[in-house]
>>> print(open('work_4.cif').read())   # mmCIF, C-alpha atoms
data_query
#
loop_
_atom_site.label_atom_id
_atom_site.label_comp_id
_atom_site.auth_asym_id
_atom_site.auth_seq_id
_atom_site.Cartn_x
_atom_site.Cartn_y
_atom_site.Cartn_z
CA MET A 1480 0.00 0.00 0.00
CA GLN A 1481 1.29 3.44 -0.90
CA PRO A 1482 1.50 6.04 1.88
CA VAL A 1483 -1.21 8.65 1.58
CA PRO A 1484 -0.32 12.26 2.36
CA ILE A 1485 -2.72 13.77 4.86
CA VAL A 1486 -3.78 17.32 4.22
CA PRO A 1487 -5.89 18.74 7.03
CA ASP A 1488 -9.46 19.68 6.19
CA SER A 1489 -9.25 18.15 2.75
CA PRO A 1490 -10.82 14.73 2.84
CA VAL A 1491 -8.43 12.03 1.73
CA SER A 1492 -9.37 8.60 0.48
CA PHE A 1493 -7.66 5.74 2.24
CA PRO A 1494 -7.56 2.58 0.16
CA VAL A 1495 -8.23 0.18 3.00
CA GLY A 1496 -9.75 -3.12 1.90
CA GLU A 1497 -12.41 -2.87 -0.76
CA THR A 1498 -13.97 0.48 0.02
CA PRO A 1499 -11.85 3.59 0.67
CA PHE A 1500 -12.99 5.88 3.45
CA THR A 1501 -12.27 9.56 3.92
CA ILE A 1502 -11.19 11.51 6.96
CA ALA A 1503 -10.71 15.20 7.58
CA LEU A 1504 -8.54 16.51 10.40
CA PRO A 1505 -9.59 19.77 12.02
CA VAL A 1506 -7.30 22.73 11.54
CA PHE A 1507 -7.04 24.88 14.62
CA GLU A 1508 -7.50 28.51 13.86
CA GLY A 1509 -5.86 29.91 16.97
CA PRO A 1510 -3.81 28.94 20.02
CA LEU A 1511 -6.74 29.25 22.44
CA GLN A 1512 -8.81 26.88 20.32
CA LEU A 1513 -5.98 24.33 20.22
CA LEU A 1514 -5.17 24.68 23.92
CA LEU A 1515 -8.81 24.26 24.88
CA HIS A 1516 -9.10 21.22 22.62
CA LEU A 1517 -6.06 19.62 24.28
CA ILE A 1518 -7.48 20.26 27.75
CA GLU A 1519 -11.02 19.13 26.92
CA SER A 1520 -9.94 16.03 24.99
CA ARG A 1521 -8.06 14.94 28.13
CA GLN A 1522 -11.13 15.72 30.24
CA LEU A 1523 -9.15 18.12 32.40
CA ASP A 1524 -10.70 21.07 34.21
CA VAL A 1525 -9.74 24.28 32.53
CA LEU A 1526 -10.16 26.12 35.83
CA THR A 1527 -7.56 24.06 37.70
CA VAL A 1528 -5.27 22.15 35.33
CA PRO A 1529 -1.68 23.47 35.44
CA LEU A 1530 -1.30 24.79 31.91
CA ALA A 1531 2.31 23.57 31.92
CA ASP A 1532 0.87 20.03 31.83
CA VAL A 1533 -0.37 20.49 28.29
CA ALA A 1534 2.78 22.26 27.08
CA ASP A 1535 4.25 19.06 25.60
CA ALA A 1536 1.04 18.13 23.84
CA TYR A 1537 0.72 21.65 22.49
CA VAL A 1538 4.25 21.76 21.11
CA ALA A 1539 3.93 18.22 19.74
CA HIS A 1540 0.73 19.16 17.95
CA LEU A 1541 2.35 22.26 16.51
CA ALA A 1542 5.26 20.19 15.23
CA ARG A 1543 3.11 17.50 13.63
CA HIS A 1544 0.14 19.34 12.21
CA PRO A 1545 -0.12 22.42 10.09
CA VAL A 1546 -2.00 25.33 11.61
CA ASP A 1547 -3.60 28.39 10.13
CA VAL A 1548 -0.58 30.27 8.76
CA VAL A 1549 -2.20 33.68 9.30
CA ASN A 1550 -2.06 33.11 13.04
CA LEU A 1551 1.25 31.27 13.21
CA SER A 1552 2.88 33.93 15.36
CA GLU A 1553 0.04 33.65 17.89
CA PHE A 1554 0.58 29.88 18.06
CA VAL A 1555 4.30 30.33 18.59
CA ALA A 1556 3.85 33.03 21.24
CA THR A 1557 1.55 30.74 23.23
CA ALA A 1558 4.00 27.85 22.80
CA ALA A 1559 6.75 30.02 24.28
CA GLN A 1560 4.44 30.96 27.14
CA LEU A 1561 3.65 27.31 27.90
CA ILE A 1562 7.29 26.26 27.73
CA TYR A 1563 8.15 29.04 30.15
CA LEU A 1564 5.43 27.91 32.56
CA LYS A 1565 6.74 24.36 32.33
CA SER A 1566 10.36 25.38 32.89
CA ARG A 1567 9.34 27.29 36.00
CA ARG A 1568 7.66 24.19 37.40
CA MET A 1569 10.76 22.11 36.77
CA LEU A 1570 12.77 24.40 39.02
CA PRO A 1571 10.61 24.43 42.14
CA THR A 1572 13.30 25.89 44.36
CA GLU A 1573 13.70 29.00 42.28
CA PRO A 1574 11.94 31.83 44.09
CA LEU A 1575 9.17 33.54 42.16
CA PRO A 1576 10.38 36.78 40.70
CA ALA A 1577 9.02 39.89 42.32
CA LEU A 1578 5.85 41.12 40.71
CA THR A 1579 7.42 44.30 39.42
CA GLU A 1580 10.11 42.39 37.54
CA ALA A 1581 7.66 39.87 36.19
CA ILE A 1582 5.57 42.39 34.36
CA ASP A 1583 6.50 41.11 30.88
CA GLU A 1584 6.55 37.48 31.82
CA PRO A 1585 3.87 35.02 30.81
CA ASP A 1586 1.14 34.96 33.38
CA GLU A 1587 -0.65 31.65 33.84
CA ASP A 1588 -3.71 33.26 35.42
CA GLU A 1589 -4.04 35.65 32.53
CA LEU A 1590 -3.79 32.84 29.99
CA ARG A 1591 -6.34 30.80 31.95
CA ARG A 1592 -8.68 33.76 32.15
CA ARG A 1593 -8.48 34.14 28.38
CA LEU A 1594 -9.14 30.41 27.95
CA VAL A 1595 -12.24 30.59 30.13
CA GLU A 1596 -13.49 33.70 28.36
CA TYR A 1597 -12.86 32.12 24.98
CA ARG A 1598 -14.62 28.92 26.02
CA THR A 1599 -17.66 30.85 27.26
CA LEU A 1600 -18.10 32.70 24.00
CA ARG A 1601 -17.26 29.65 21.90
CA ASP A 1602 -20.02 27.74 23.73
CA ALA A 1603 -22.38 30.66 23.15
CA SER A 1604 -21.48 30.60 19.47
CA ILE A 1605 -22.32 26.90 19.29
CA ILE A 1606 -25.73 27.56 20.87
CA LEU A 1607 -26.26 30.43 18.44
CA GLY A 1608 -25.26 28.13 15.57
CA GLU A 1609 -27.91 25.63 16.62
CA ARG A 1610 -30.51 28.40 16.67
CA ASP A 1611 -29.40 29.73 13.30
CA GLY A 1612 -32.40 29.80 10.99
CA SER A 1613 -34.29 27.15 13.00
CA ALA A 1614 -37.05 29.55 14.00
CA PRO A 1615 -36.47 32.74 12.07
CA LEU A 1616 -38.58 35.81 12.70
CA ILE A 1617 -39.67 37.21 9.38
CA ARG A 1618 -40.52 40.84 8.76
CA ARG A 1619 -42.96 42.13 6.20
CA GLU A 1620 -41.51 42.20 2.70
CA PRO A 1621 -41.67 45.64 1.14
CA ARG A 1622 -44.53 45.74 -1.31
CA GLU A 1623 -44.20 47.27 -4.74
CA SER A 1624 -46.14 50.26 -3.43
CA ASP A 1625 -43.35 50.82 -0.91
CA LEU A 1626 -40.81 51.38 -3.65
CA PRO A 1627 -39.87 54.95 -4.41
CA GLU A 1628 -41.87 56.65 -7.15
CA ALA A 1629 -40.57 56.23 -10.68
CA PRO A 1630 -38.95 59.38 -12.08
CA THR A 1631 -41.62 61.71 -13.40
CA GLU A 1632 -39.40 63.02 -16.17
CA PRO A 1633 -40.54 61.56 -19.46
CA MET A 1634 -38.17 58.99 -20.84
CA THR A 1635 -37.69 58.82 -24.58
CA PRO A 1636 -36.47 55.82 -26.56
CA THR A 1637 -33.51 57.98 -27.57
CA VAL A 1638 -32.15 57.71 -24.03
CA LEU A 1639 -32.08 53.94 -24.40
CA ALA A 1640 -30.51 54.14 -27.83
CA VAL A 1641 -27.78 56.42 -26.53
CA ALA A 1642 -27.12 54.11 -23.61
CA LEU A 1643 -26.92 51.14 -25.95
CA GLU A 1644 -24.53 52.98 -28.22
CA ARG A 1645 -22.25 53.67 -25.31
CA LEU A 1646 -22.28 49.98 -24.49
CA ALA A 1647 -21.52 49.07 -28.07
CA ALA A 1648 -18.50 51.38 -28.04
CA ILE A 1649 -16.67 48.99 -25.73
CA PRO A 1650 -14.79 46.75 -28.14
CA GLU A 1651 -15.02 43.02 -27.94
CA PRO A 1652 -11.78 41.39 -26.85
CA ALA A 1653 -9.76 40.58 -29.96
CA SER A 1654 -9.85 36.86 -29.33
CA ARG A 1655 -10.72 34.77 -26.37
CA PRO A 1656 -7.54 33.66 -24.60
CA PRO A 1657 -7.24 29.91 -24.25
CA GLU A 1658 -7.33 30.22 -20.47
CA VAL A 1659 -7.72 32.90 -17.86
CA VAL A 1660 -4.36 34.57 -17.38
CA ALA A 1661 -3.84 37.47 -15.02
CA ARG A 1662 -2.59 40.34 -17.08
CA GLU A 1663 0.46 41.92 -15.55
CA LEU A 1664 0.76 45.56 -16.27
CA THR A 1665 3.30 47.73 -14.51
CA ILE A 1666 3.47 51.44 -13.99
CA GLY A 1667 6.87 51.32 -15.70
CA GLN A 1668 5.32 49.91 -18.88
CA GLN A 1669 2.69 52.62 -18.94
CA ILE A 1670 5.33 55.30 -18.32
CA THR A 1671 7.02 54.11 -21.50
CA VAL A 1672 3.70 54.32 -23.36
CA LEU A 1673 3.14 57.86 -22.09
CA ARG A 1674 6.68 58.94 -22.97
CA GLN A 1675 6.25 57.62 -26.49
CA ALA A 1676 2.96 59.47 -26.86
CA LEU A 1677 4.60 62.66 -25.58
CA SER A 1678 7.61 62.31 -27.87
CA ARG A 1679 5.31 62.67 -30.88
CA GLY A 1680 3.74 66.02 -30.06
CA GLY A 1681 5.00 67.15 -26.69
CA ARG A 1682 1.47 67.29 -25.29
CA ILE A 1683 -1.40 64.86 -24.97
CA VAL A 1684 -4.89 64.84 -23.54
CA LEU A 1685 -5.04 62.22 -20.79
CA GLN A 1686 -8.63 61.25 -21.56
CA THR A 1687 -7.72 60.16 -25.09
CA ILE A 1688 -5.04 57.83 -23.70
CA LEU A 1689 -7.46 56.45 -21.11
CA ALA A 1690 -10.14 55.91 -23.77
CA ASP A 1691 -7.76 53.55 -25.56
CA CYS A 1692 -7.31 51.41 -22.48
CA ARG A 1693 -8.89 47.99 -22.78
CA SER A 1694 -9.63 47.44 -19.13
CA ARG A 1695 -10.28 49.28 -15.91
CA THR A 1696 -6.94 48.02 -14.58
CA GLU A 1697 -5.07 49.34 -17.58
CA ALA A 1698 -6.76 52.73 -17.17
CA ALA A 1699 -5.91 52.79 -13.47
CA VAL A 1700 -2.25 51.87 -14.06
CA THR A 1701 -1.99 54.47 -16.81
CA PHE A 1702 -3.40 57.07 -14.48
CA LEU A 1703 -0.90 56.09 -11.77
CA ALA A 1704 1.89 56.27 -14.37
CA THR A 1705 0.79 59.82 -15.17
CA LEU A 1706 0.91 60.76 -11.50
CA GLU A 1707 4.37 59.24 -11.26
CA LEU A 1708 5.60 61.34 -14.20
CA VAL A 1709 4.11 64.45 -12.62
CA ARG A 1710 5.88 63.61 -9.39
CA ARG A 1711 9.18 63.24 -11.21
CA ARG A 1712 8.54 66.60 -12.83
CA GLU A 1713 8.90 65.10 -16.30
CA VAL A 1714 5.48 66.37 -17.23
CA GLY A 1715 3.02 69.00 -16.12
CA ALA A 1716 -0.74 68.49 -15.97
CA SER A 1717 -3.39 71.12 -16.33
CA GLN A 1718 -7.13 71.20 -16.58
CA ALA A 1719 -8.99 74.38 -17.50
CA ASP A 1720 -12.37 73.46 -16.06
CA PRO A 1721 -13.85 70.61 -14.01
CA PHE A 1722 -14.32 67.44 -16.10
CA GLY A 1723 -12.56 69.20 -18.97
CA PRO A 1724 -9.62 67.74 -20.86
CA ILE A 1725 -6.51 67.11 -18.76
CA VAL A 1726 -3.53 68.26 -20.79
CA ILE A 1727 -0.23 66.50 -20.12
CA GLU A 1728 2.79 68.41 -21.30
CA ALA A 1729 6.44 67.39 -21.33
CA LEU A 1730 8.43 69.79 -19.17
CA PRO A 1731 11.47 71.34 -20.87
CA HIS A 1732 14.08 70.18 -18.39
CA GLY A 1733 12.39 66.84 -17.86
CA ARG A 1734 13.75 63.56 -19.13
CA ALA A 1735 10.80 62.92 -21.46
CA GLY A 1736 11.57 61.18 -24.68
CA MET B 1142 -60.87 61.36 32.35
CA THR B 1143 -62.45 58.44 34.20
CA ASP B 1144 -60.63 55.16 34.72
CA ALA B 1145 -62.77 53.49 32.08
CA GLU B 1146 -61.93 56.21 29.61
CA ALA B 1147 -58.25 55.92 30.42
CA VAL B 1148 -58.31 52.16 29.81
CA GLU B 1149 -60.13 52.72 26.56
CA ALA B 1150 -57.55 55.30 25.46
CA ALA B 1151 -54.70 52.92 26.31
CA VAL B 1152 -56.28 50.05 24.36
CA ASP B 1153 -56.83 52.44 21.49
CA LEU B 1154 -53.18 53.51 21.56
CA ASP B 1155 -52.06 49.85 21.58
CA ALA B 1156 -54.27 49.19 18.56
CA TYR B 1157 -52.90 52.27 16.85
CA CYS B 1158 -49.29 51.16 17.44
CA GLU B 1159 -50.09 47.68 16.15
CA ALA B 1160 -51.72 49.08 13.01
CA LEU B 1161 -48.93 51.58 12.41
CA LEU B 1162 -46.22 48.94 12.72
CA PHE B 1163 -48.27 46.65 10.48
CA ILE B 1164 -48.11 49.12 7.59
CA ALA B 1165 -44.60 50.44 8.32
CA GLU B 1166 -42.00 49.33 5.79
CA ARG B 1167 -39.14 49.94 8.24
CA PRO B 1168 -38.57 49.81 12.01
CA LEU B 1169 -39.95 52.86 13.84
CA SER B 1170 -38.63 54.55 16.97
CA SER B 1171 -40.86 55.22 19.99
CA SER B 1172 -40.55 58.98 19.47
CA GLU B 1173 -41.69 58.62 15.84
CA ILE B 1174 -44.64 56.54 16.95
CA GLY B 1175 -45.46 59.00 19.74
CA GLU B 1176 -45.33 61.89 17.32
CA LEU B 1177 -47.61 60.13 14.84
CA ALA B 1178 -50.04 59.10 17.60
CA GLY B 1179 -49.96 62.54 19.19
CA VAL B 1180 -48.81 61.25 22.59
CA PRO B 1181 -45.57 61.72 24.57
CA ARG B 1182 -42.74 59.29 23.79
CA LEU B 1183 -42.99 57.63 27.22
CA GLN B 1184 -46.64 56.84 26.64
CA ALA B 1185 -45.83 55.34 23.24
CA GLU B 1186 -43.09 53.28 24.89
CA ALA B 1187 -45.55 51.95 27.49
CA ALA B 1188 -48.02 51.06 24.72
CA LEU B 1189 -45.26 49.22 22.81
CA ALA B 1190 -44.26 47.26 25.90
CA ASP B 1191 -47.91 46.40 26.50
CA LEU B 1192 -48.43 45.31 22.89
CA ARG B 1193 -45.26 43.24 22.98
CA GLU B 1194 -46.39 41.40 26.08
CA ARG B 1195 -49.90 40.74 24.77
CA LEU B 1196 -48.72 39.36 21.41
CA ASP B 1197 -46.40 37.04 23.28
CA GLU B 1198 -48.87 35.91 25.94
CA ASP B 1199 -51.76 35.34 23.54
CA GLY B 1200 -49.56 33.07 21.40
CA ARG B 1201 -50.27 35.14 18.31
CA GLY B 1202 -48.62 34.60 14.94
CA ILE B 1203 -46.71 37.85 15.16
CA ARG B 1204 -44.32 39.36 17.67
CA LEU B 1205 -43.08 42.85 18.37
CA GLN B 1206 -39.30 42.93 17.94
CA HIS B 1207 -37.04 45.73 19.11
CA HIS B 1208 -33.39 46.63 18.79
CA ASP B 1209 -32.33 49.64 20.83
CA ASP B 1210 -35.30 51.94 20.27
CA ALA B 1211 -36.36 50.62 16.84
CA TRP B 1212 -39.53 48.54 16.73
CA GLN B 1213 -41.00 46.28 14.09
CA LEU B 1214 -43.57 43.50 13.74
CA VAL B 1215 -42.21 40.08 12.78
CA THR B 1216 -43.61 36.57 12.58
CA ALA B 1217 -43.56 34.43 15.73
CA PRO B 1218 -40.66 31.98 16.19
CA GLN B 1219 -42.89 28.89 16.28
CA VAL B 1220 -44.17 29.50 12.75
CA GLY B 1221 -40.92 30.76 11.22
CA SER B 1222 -39.62 27.51 9.80
CA ARG B 1223 -43.00 26.70 8.20
CA LEU B 1224 -43.11 30.12 6.53
CA ALA B 1225 -39.82 29.44 4.77
CA ALA B 1226 -41.67 27.95 1.80
CA TYR B 1227 -43.39 31.29 1.20
CA ALA B 1228 -40.69 33.74 2.28
CA ALA B 1229 -37.69 32.00 0.75
CA ARG B 1230 -34.69 33.22 2.70
CA GLU B 1231 -31.03 32.93 1.93
CA VAL B 1232 -29.66 30.47 4.46
CA ALA B 1233 -25.97 30.27 3.61
CA ARG B 1234 -24.24 28.57 6.52
CA ILE B 1235 -22.19 30.71 8.89
CA SER B 1236 -18.76 29.20 9.54
CA PRO B 1237 -17.85 28.29 13.14
CA ALA B 1238 -15.17 31.00 13.10
CA ALA B 1239 -17.66 33.64 11.97
CA LEU B 1240 -20.14 32.39 14.58
CA GLU B 1241 -17.50 32.89 17.28
CA ALA B 1242 -16.89 36.45 16.15
CA LEU B 1243 -20.64 37.02 15.94
CA ALA B 1244 -21.10 35.73 19.50
CA VAL B 1245 -18.44 38.13 20.79
CA VAL B 1246 -20.11 41.06 19.04
CA ALA B 1247 -23.59 40.00 20.19
CA TYR B 1248 -22.65 39.64 23.86
CA ARG B 1249 -20.07 42.43 24.11
CA GLN B 1250 -21.57 45.10 21.85
CA PRO B 1251 -20.60 47.72 21.11
CA CYS B 1252 -17.14 46.25 20.59
CA THR B 1253 -14.19 46.62 18.24
CA ARG B 1254 -12.38 44.17 16.01
CA GLY B 1255 -9.60 44.26 18.60
CA ASP B 1256 -12.04 43.10 21.29
CA VAL B 1257 -13.09 40.17 19.09
CA GLU B 1258 -9.47 39.27 18.37
CA ARG B 1259 -8.54 39.47 22.04
CA VAL B 1260 -11.23 36.96 22.99
CA ARG B 1261 -10.61 34.61 20.06
CA GLY B 1262 -6.83 34.99 20.09
CA VAL B 1263 -6.72 35.13 16.30
CA ASP B 1264 -6.94 37.60 13.46
CA SER B 1265 -10.65 38.23 12.82
CA ASP B 1266 -10.60 40.80 10.04
CA TYR B 1267 -11.98 38.44 7.42
CA VAL B 1268 -14.79 36.98 9.52
CA ILE B 1269 -15.95 40.41 10.64
CA ARG B 1270 -16.04 41.58 7.05
CA SER B 1271 -18.12 38.53 6.15
CA LEU B 1272 -20.53 39.35 9.00
CA LEU B 1273 -20.76 42.94 7.79
CA HIS B 1274 -21.42 41.69 4.28
CA ARG B 1275 -24.28 39.51 5.51
CA ARG B 1276 -25.64 42.48 7.47
CA LEU B 1277 -25.48 40.51 10.72
CA VAL B 1278 -23.31 43.22 12.27
CA ILE B 1279 -23.05 46.91 11.52
CA GLU B 1280 -20.68 49.77 12.29
CA LEU B 1281 -22.07 51.82 15.16
CA GLY B 1282 -19.42 54.51 15.38
CA ARG B 1283 -15.93 54.80 16.74
CA ARG B 1284 -14.45 54.30 20.17
CA ASP B 1285 -12.81 57.37 21.62
CA THR B 1286 -9.42 55.74 22.13
CA PRO B 1287 -6.18 56.05 20.15
CA GLY B 1288 -6.75 54.97 16.58
CA ARG B 1289 -10.48 55.55 17.02
CA PRO B 1290 -11.35 51.91 16.24
CA VAL B 1291 -14.72 51.12 14.66
CA LEU B 1292 -17.38 49.83 17.04
CA PHE B 1293 -19.64 47.00 15.88
CA GLY B 1294 -23.08 45.88 17.00
CA THR B 1295 -25.68 43.41 15.81
CA THR B 1296 -28.59 44.20 13.49
CA PHE B 1297 -32.27 43.36 13.03
CA THR B 1298 -31.14 40.78 10.47
CA PHE B 1299 -29.21 39.08 13.28
CA LEU B 1300 -32.24 39.07 15.62
CA GLU B 1301 -34.50 37.77 12.85
CA ARG B 1302 -32.17 35.03 11.71
CA PHE B 1303 -31.58 33.72 15.24
CA GLY B 1304 -35.23 34.00 16.26
CA LEU B 1305 -34.75 36.67 18.95
CA THR B 1306 -37.36 39.33 19.64
CA SER B 1307 -34.68 41.48 21.28
CA LEU B 1308 -31.14 41.23 22.62
CA ASP B 1309 -32.66 40.40 26.02
CA ASP B 1310 -33.57 37.02 24.49
CA LEU B 1311 -29.93 36.05 23.88
CA PRO B 1312 -29.25 32.73 25.63
CA PRO B 1313 -27.43 33.48 28.89
CA LEU B 1314 -23.68 32.89 28.83
CA SER B 1315 -22.69 29.68 30.59
CA SER B 1316 -22.16 31.30 33.98
CA GLU B 1317 -19.09 33.15 32.82
CA ALA B 1318 -19.14 35.41 35.84
CA ALA B 1319 -19.24 32.41 38.20
CA GLN B 1320 -16.37 30.73 36.37
CA LEU B 1321 -14.24 33.83 36.46
CA ALA B 1322 -15.05 34.32 40.14
CA ALA B 1323 -14.10 30.68 40.84
CA LEU B 1324 -10.90 31.28 38.94
CA THR B 1325 -10.12 34.34 40.99
CA SER B 1326 -10.69 32.43 44.24
CA VAL B 1327 -8.45 29.56 43.06
CA VAL B 1328 -5.76 32.09 42.32
CA THR B 1329 -6.30 33.83 45.63
CA ASP B 1330 -6.07 30.48 47.46
CA ALA B 1331 -2.86 29.64 45.63
CA VAL B 1332 -1.41 33.00 46.55
CA ALA B 1333 -2.47 32.41 50.17
CA VAL B 1334 -0.68 29.04 50.17
CA VAL B 1335 2.45 30.64 48.80
CA ASP B 1336 2.22 33.38 51.39
CA ASP B 1337 1.83 30.83 54.19
CA ALA B 1338 4.86 28.92 52.96
#
>>> encode(input="work_4.cif", output="structure tokens")
Amino acid sequence: MQPVPIVPDSPVSFPVGETPFTIALPVFEGPLQLLLHLIESRQLDVLTVPLADVADAYVAHLARHPVDVVNLSEFVATAAQLIYLKSRRMLPTEPLPALTEAIDEPDEDELRRRLVEYRTLRDASIILGERDGSAPLIRREPRESDLPEAPTEPMTPTVLAVALERLAAIPEPASRPPEVVARELTIGQQITVLRQALSRGGRIVLQTILADCRSRTEAAVTFLATLELVRRREVGASQADPFGPIVIEALPHGRAG
Amino acid sequence: MTDAEAVEAAVDLDAYCEALLFIAERPLSSSEIGELAGVPRLQAEAALADLRERLDEDGRGIRLQHHDDAWQLVTAPQVGSRLAAYAAREVARISPAALEALAVVAYRQPCTRGDVERVRGVDSDYVIRSLLHRRLVIELGRRDTPGRPVLFGTTFTFLERFGLTSLDDLPPLSSEAAQLAALTSVVTDAVAVVDDA
């Protein structure tokens, strides 16, 4: 039999005998969840168990099983805290450090308090989950008469025709790509495009460049490229009135070209 | 006004509130209702409380739901599941992680994302955004502390989905206070032992 790699939370088929069966291991999202699981699965009392007792199990679990990467640092911080608690217990003769010195040190009571608080709200969330949608309260649906009045301004078919024309102006993609590929477009590339456009006449209207863009992303990157050129003082931008044409002009001592 | 007249006026106001909430297309506040009924807000509030109690006690098919000072009529919990065939509702499952975050917001509101993360011990940005997206929680404002973090609270959608006529109906937390008190006494005892030694 070939070994089967186990990936948590993705069911894996085990070819045992005639019929394969699938298992899914839980992935622990956070250290409190894991710690509580270790305590509860050993039927220990979270209020009294020395947390150092589960330090080994915690570290062993961390070493063997993947955890949610986003919260890896939280897992590691709690591991360090547990190891510290355990090391303190192994040296019973060492006097406890004075409270003022211990201010940054892991505090077992604090960790336990967080565990209890987490457990309380986790239990509440389970109860809520059981209630979810089982007996919903339903409010009155808005009737059509509740909807805001239609605009009183008369609408002409021309409005529709104009709207349709605007839609038609967006060109179809030249040809469908064989598969979906993320298009990588950099500000640097668009700076080159802008410089080329400027080299022909020395001034361009930004809107005409943007109108040629085939996607929202391309337009956005082109716009950012323009801002970059303005920042580098290669070009100047001016706009006579709001929503009017934005004129981009190569500055004399700039590096345009 | 005689006592009989007063009773009659109160019953009339209850009926008015019921009718008004029946036709309202959004939750109404007690001051709005008072203004529309031509009575002081406190009187409207008393009428709402009265109506709420009567709908509940008479086992009617509707209930009066409130969140803060917004009131609306909803169907009773015992008929909700059977109404699903008519009022088809989106019932996308809520993940256990999102439920945890929702529980923290529900029991600790108004609270910040930081509060949720402190209780859960994990990053909760994504789950809170999913709760916002489902309109189960809403931004209430900002806390007046450094960074002015956003405060979250639950919505009517939350109450409706979980069959609660108000936040007072939330299942009580499993004696959290008692547990924390027990914890404190254990700690105190331990400290006492250390002191004795």
>>> resolve_selection(input="work_4.cif", expression="the PyMOL selection byres ((chain B and resi 1212-1217) around 10)", output="ChimeraX atom specification")
/A:1614-1619 /B:1159-1171,1174,1189,1193,1196-1197,1200-1211,1218-1222,1224,1297,1301,1304-1307
>>> atom_distance(input="work_4.cif", atom1="CA of Cys1158 (chain B)", atom2="CA of Ala1178 (chain B)")
8.0 Å
>>> resolve_selection(input="work_4.cif", expression="the PyMOL selection byres ((chain A) within 8 of (chain B))", output="PyMOL selection string")
chain A and resi 1508-1512+1526-1527+1549-1550+1553+1588+1592-1593+1595-1597+1599-1608+1610-1621+1625
>>> residues_around(input="work_4.cif", residues="Glu1707 (chain A)", least_positions_apart="5", cutoff="10 Å", atoms="all atoms listed in the file", output="ChimeraX atom specification")
/A:1666-1667,1670,1701-1702,1712-1714
>>> atom_distance(input="work_4.cif", atom1="CA of Leu1154 (chain B)", atom2="CA of Leu1192 (chain B)")
9.6 Å
>>> resolve_selection(input="work_4.cif", expression="the PyMOL selection byres ((chain B and resi 1278) around 10)", output="VMD selection string")
chain B and resid 1243 1246 to 1247 1250 1269 to 1277 1279 to 1281 1293 to 1299
>>> atom_distance(input="work_4.cif", atom1="CA of Leu1183 (chain B)", atom2="CA of Asp1199 (chain B)")
24.2 Å
>>> axis_aligned_box(input="work_4.cif", around="region 1193-1206 of chain B", padding_each_side="6 Å", output="lines of an AutoDock Vina configuration file")
center_x = -45.5
center_y = 38.2
center_z = 20.5
size_x = 24.5
size_y = 22.2
size_z = 23.1
>>> closest_residue(input="work_4.cif", among="A:Leu1523, A:Ala1539, A:Ala1531, A:Ile1725", to="Met1569 (chain A)", atoms="all atoms listed in the file")
A:Ala1531
